[in-house]
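Heads up, final_5.txt below (compact mmCIF, C-alpha atoms):
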```
# COMPACT_ATOMS: atom_id res chain seq x y z
CA MET A 185 2.50 -21.11 71.43
CA THR A 186 -0.52 -22.18 69.36
CA GLN A 187 1.81 -23.37 66.58
CA ARG A 188 3.76 -25.45 69.09
CA ARG A 189 0.63 -27.27 70.28
CA GLY A 190 -0.45 -27.73 66.67
CA ASN A 191 2.86 -29.41 65.89
CA GLU A 192 2.44 -31.84 68.80
CA SER A 193 -0.76 -33.13 67.21
CA TRP A 194 1.15 -34.61 64.27
CA ILE A 195 4.64 -35.16 65.78
CA THR A 196 3.75 -37.67 68.48
CA PRO A 197 1.60 -39.90 66.26
CA LEU A 198 4.29 -39.87 63.56
CA LEU A 199 7.09 -40.78 65.98
CA GLU A 200 4.96 -43.55 67.51
CA ARG A 201 4.07 -44.90 64.08
CA LEU A 202 7.76 -44.98 63.10
CA ASN A 203 8.68 -46.52 66.48
CA LEU A 204 10.97 -43.60 67.36
CA VAL A 205 9.61 -42.81 70.84
CA ARG A 206 11.79 -43.93 73.72
CA GLU A 207 12.48 -42.71 77.20
CA THR A 208 15.24 -44.31 79.23
CA GLU A 209 16.44 -43.39 82.70
CA GLU A 210 19.32 -41.57 81.03
CA ASP A 211 16.83 -39.53 78.98
CA LEU A 212 14.84 -38.64 82.11
CA ALA A 213 18.00 -37.57 83.97
CA ARG A 214 19.14 -35.47 81.00
CA ASN A 215 15.71 -33.81 80.78
CA MET A 216 15.92 -32.91 84.49
CA CYS A 217 19.34 -31.33 83.93
CA TRP A 218 18.00 -29.33 80.98
CA LYS A 219 15.07 -28.18 83.13
CA GLN A 220 17.52 -26.85 85.76
CA ILE A 221 19.58 -25.08 83.09
CA GLU A 222 16.49 -23.49 81.55
CA GLU A 223 14.96 -22.43 84.88
CA CYS A 224 18.18 -20.62 85.84
CA GLU A 225 18.57 -19.14 82.33
CA LEU A 226 22.21 -20.20 82.41
CA VAL A 227 22.69 -20.24 78.63
CA GLU A 228 21.09 -16.80 78.24
CA ARG A 229 23.16 -15.29 81.08
CA ILE A 230 26.40 -16.56 79.59
CA GLY A 231 25.29 -15.41 76.13
CA TRP A 232 24.69 -11.85 77.31
CA LEU A 233 28.12 -11.72 78.95
CA VAL A 234 29.71 -12.98 75.70
CA VAL A 235 27.91 -10.16 73.86
CA GLU A 236 29.17 -7.60 76.41
CA VAL A 237 32.77 -8.83 76.12
CA ASN A 238 32.64 -8.74 72.32
CA ARG A 239 31.16 -5.23 72.33
CA ALA A 240 33.81 -3.99 74.77
CA ALA A 241 36.57 -5.55 72.63
CA ARG A 242 34.94 -4.08 69.47
CA TYR A 243 35.34 -7.41 67.66
CA ARG A 244 34.34 -11.06 68.07
CA VAL A 245 36.86 -12.12 70.69
CA LEU A 246 34.54 -14.86 72.01
CA GLU A 247 32.43 -17.25 69.99
CA MET A 248 29.45 -19.07 71.52
CA VAL A 249 27.52 -22.08 70.28
CA ASP A 250 24.56 -23.38 72.25
CA PHE A 251 22.70 -26.62 71.75
CA LEU A 252 19.04 -27.56 72.13
CA PRO A 253 17.52 -30.10 74.53
CA PRO A 254 17.78 -33.01 74.92
CA GLN A 255 21.37 -33.07 73.61
CA ARG A 256 24.25 -33.92 75.94
CA ASN A 257 26.15 -30.78 74.98
CA VAL A 258 24.71 -27.56 76.37
CA LEU A 259 27.03 -24.79 75.21
CA ARG A 260 30.57 -23.92 74.16
CA VAL A 261 32.30 -20.57 74.39
CA SER A 262 35.62 -20.38 72.51
CA PHE A 263 38.54 -17.97 72.45
CA GLU A 264 41.37 -18.30 69.90
CA ARG A 265 44.91 -17.03 70.31
CA ASP A 266 48.19 -18.10 68.69
CA GLN A 267 46.77 -21.18 66.93
CA VAL A 268 45.17 -22.44 70.15
CA LYS A 269 41.44 -22.53 70.80
CA HIS A 270 40.46 -22.28 74.46
CA ASN A 271 37.03 -23.63 75.33
CA LEU A 272 34.53 -23.26 78.13
CA GLU A 273 31.90 -25.99 77.79
CA PHE A 274 28.86 -27.28 79.60
CA ALA A 275 27.72 -30.84 79.05
CA ILE A 276 25.37 -33.27 80.71
CA ARG A 277 27.11 -36.37 81.99
CA GLU A 278 26.15 -39.24 84.27
CA SER A 279 27.48 -37.20 87.21
CA GLY A 280 25.30 -34.20 86.32
CA ILE A 281 25.93 -30.89 84.61
CA VAL A 282 29.66 -30.49 84.03
CA LEU A 283 31.69 -27.33 83.41
CA MET A 284 34.84 -28.03 81.41
CA PHE A 285 37.74 -25.94 80.20
CA SER A 286 39.92 -27.33 77.44
CA THR A 287 42.46 -26.28 74.85
CA THR A 288 42.64 -27.40 71.25
CA LYS A 289 45.69 -26.84 69.08
CA MET A 290 44.62 -25.53 65.70
CA ASP A 291 46.08 -26.94 62.49
CA SER A 292 45.57 -24.53 59.62
CA THR A 293 47.31 -26.66 57.03
CA GLY A 294 45.77 -29.11 54.63
CA TRP A 295 42.32 -30.64 54.95
CA LYS A 296 42.23 -30.39 58.78
CA ARG A 297 41.29 -26.72 58.64
CA TYR A 298 37.92 -27.70 57.14
CA VAL A 299 37.08 -30.21 59.86
CA SER A 300 35.77 -29.19 63.28
CA THR A 301 38.56 -29.44 65.84
CA HIS A 302 36.06 -30.76 68.36
CA SER A 303 35.80 -34.01 66.41
CA MET A 304 39.57 -34.44 66.65
CA LYS A 305 39.97 -35.25 70.33
CA SER A 306 43.67 -36.07 70.05
CA ASN A 307 44.47 -32.35 69.75
CA SER A 308 42.35 -31.44 72.76
CA THR A 309 43.49 -31.24 76.38
CA LEU A 310 41.06 -31.08 79.29
CA VAL A 311 42.31 -28.46 81.77
CA TRP A 312 39.47 -28.24 84.31
CA GLU A 313 36.29 -30.23 84.94
CA GLN A 314 33.72 -29.65 87.67
CA VAL A 315 30.12 -30.66 88.34
CA ILE A 316 27.97 -27.55 88.78
CA HIS A 317 24.49 -26.79 90.08
CA PRO A 318 22.87 -24.10 87.91
CA GLU A 319 20.75 -22.72 90.74
CA GLU A 320 23.94 -21.85 92.65
CA ILE A 321 25.65 -20.00 89.77
CA LEU A 322 26.06 -16.28 90.43
CA GLU A 323 26.94 -13.59 87.91
CA GLU A 324 30.38 -13.44 89.55
CA ASN A 325 30.93 -17.13 88.75
CA VAL A 326 30.15 -16.54 85.07
CA GLN A 327 32.47 -13.51 85.03
CA ALA A 328 35.24 -15.61 86.60
CA TRP A 329 34.79 -18.36 83.99
CA ILE A 330 34.94 -15.87 81.13
CA SER A 331 37.97 -14.18 82.72
CA TYR A 332 39.77 -17.52 82.97
CA LEU A 333 38.89 -18.30 79.35
CA LEU A 334 40.21 -14.91 78.17
CA SER A 335 43.45 -15.51 80.08
CA GLY A 336 44.05 -18.45 77.74
CA LEU A 337 43.52 -20.81 80.71
CA ASP A 338 46.76 -19.49 82.14
CA LYS A 339 47.90 -21.42 85.23
CA LYS A 340 48.89 -18.13 86.85
CA PHE A 341 45.30 -17.00 86.37
CA ARG A 342 43.96 -19.62 88.79
CA LEU A 343 40.21 -20.13 88.65
CA ASP A 344 39.81 -20.39 92.43
CA GLN A 345 41.57 -17.01 92.89
CA ILE A 346 39.38 -15.40 90.25
CA LEU A 347 36.25 -16.71 91.93
CA HIS A 348 37.43 -15.29 95.27
CA ALA A 349 38.37 -11.96 93.68
CA SER A 350 35.12 -11.68 91.77
CA THR A 351 33.00 -12.22 94.88
CA THR A 352 34.65 -9.22 96.52
CA GLU A 353 34.82 -7.13 93.33
CA THR A 354 31.62 -7.00 91.31
CA ASP A 355 33.15 -5.23 88.33
CA LEU A 356 34.59 -7.57 85.67
CA SER A 357 37.48 -5.24 84.82
CA ALA A 358 38.47 -4.92 88.48
CA ALA A 359 38.54 -8.71 88.79
CA LEU A 360 40.67 -8.95 85.64
CA ARG A 361 43.17 -6.37 86.93
CA LYS A 362 43.43 -8.03 90.32
CA ALA A 363 43.90 -11.55 88.95
CA SER A 364 46.52 -10.50 86.38
CA ALA A 365 48.60 -8.56 88.91
```

Have the structure of the file written as structure tokens, please.
Amino acid sequence: MTQRRGNESWITPLLERLNLVRETEEDLARNMCWKQIEECELVERIGWLVVEVNRAARYRVLEMVDFLPPQRNVLRVSFERDQVKHNLEFAIRESGIVLMFSTTKMDSTGWKRYVSTHSMKSNSTLVWEQVIHPEEILEENVQAWISYLLSGLDKKFRLDQILHASTTETDLSAALRKASA
């Protein structure tokens, strides 16, 4: 904490001197969204569930990348199967904090395998998008999102059914069995 305050003593003057300080309405709105995310510990809660899933699977079945404020991207959890990457993402948009599910077809040939598939939007398909309010997110919601991701975003594995099932069944495995039946 002392180091952080010490850094502020040289950072702000430097940024002002280099004319790099700005704060637009968009920046203020994004900062408010980040504050909500941090207060609800949304990134940490999802991260712990990713760890639990990977431990239960005994390998890295899910991969998570989280971003730092004040970026527009918040986090991405990915699951790969059969040359398709399924993604659960949170981002800050004009409409607020958005939960998105998408699929990206992987190309393992040539130079494309060395380039992030997220920069190649033509291979990506948005499957689900919804504005969320972090203070309303329950553990069951996070379990349902991870369950849907692990299903490969299967249409038979409808997100609304998983959410209903997971509110009546608190155990993740019970929700998975019920939704896949």

Problem set entry | Among listed residues A:Val268, A:Lys340, A:Ile330, A:Glu319, nearest Met248 (chain A) (using all atoms listed in the file) |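 Checking each candidate against Met248 (chain A), we get A:Ile330 as the closest.
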
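Within 6 Å of the point (25.2, -23.9, 82.7) in file coordinates, and counting all atoms listed in the file, lie the residues Ile221, Leu226, Phe274 and Pro318 of chain A.
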
Problem set entry | region 281-290 of chain A environment, 10 Å, all atoms listed in the file, sequence neighbours closer than 4 positions dropped, as a VMD selection string | chain A and resid 214 217 to 218 220 to 221 256 to 277 296 to 297 300 to 302 304 to 318 329 332 to 333 336 to 337

For this session: May I ask which of the residues A:Ile321, A:Leu212, A:Val227, A:Ala328 is the closest one to Asp250 (chain A), counting all atoms listed in the file?
Result: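 Looking at the shortest contact to Asp250 (chain A), the residue is A:Val227.
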
Exercise. Leaving out Val237 (chain A) and any residue of its chain fewer than 4 positions from it, which residues lie within 12 Å of it when counting only C-alpha atoms, given as number ranges by chain?
Worked result: A: 230-233, 241-248, 261, 263, 327, 330-331, 333-334, 356-357

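Rounded to one decimal, CA of Ala213 (chain A) and CA of Gly280 (chain A) lie 8.4 Å from each other.
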
Problem set entry | Straight-line distance linking CA of Leu252 (chain A) with CA of Glu222 (chain A), stated in Å to one decimal |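 Value for the CA of Leu252 (chain A)-CA of Glu222 (chain A) distance: 10.6 Å.
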
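Here CA of Val249 (chain A) is placed at a distance of 18.2 Å from CA of Cys224 (chain A).
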
Seminar exercise, completed: Between A:Glu225, A:Glu192, A:Asp291, A:Glu278, smallest distance to Glu210 (chain A) by only C-alpha atoms belongs to A:Glu278

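Taking only C-alpha atoms into account, Arg229 (chain A) lies nearest to A:Glu324 out of the set A:Asn215, A:Thr208, A:Ser193, A:Glu324.
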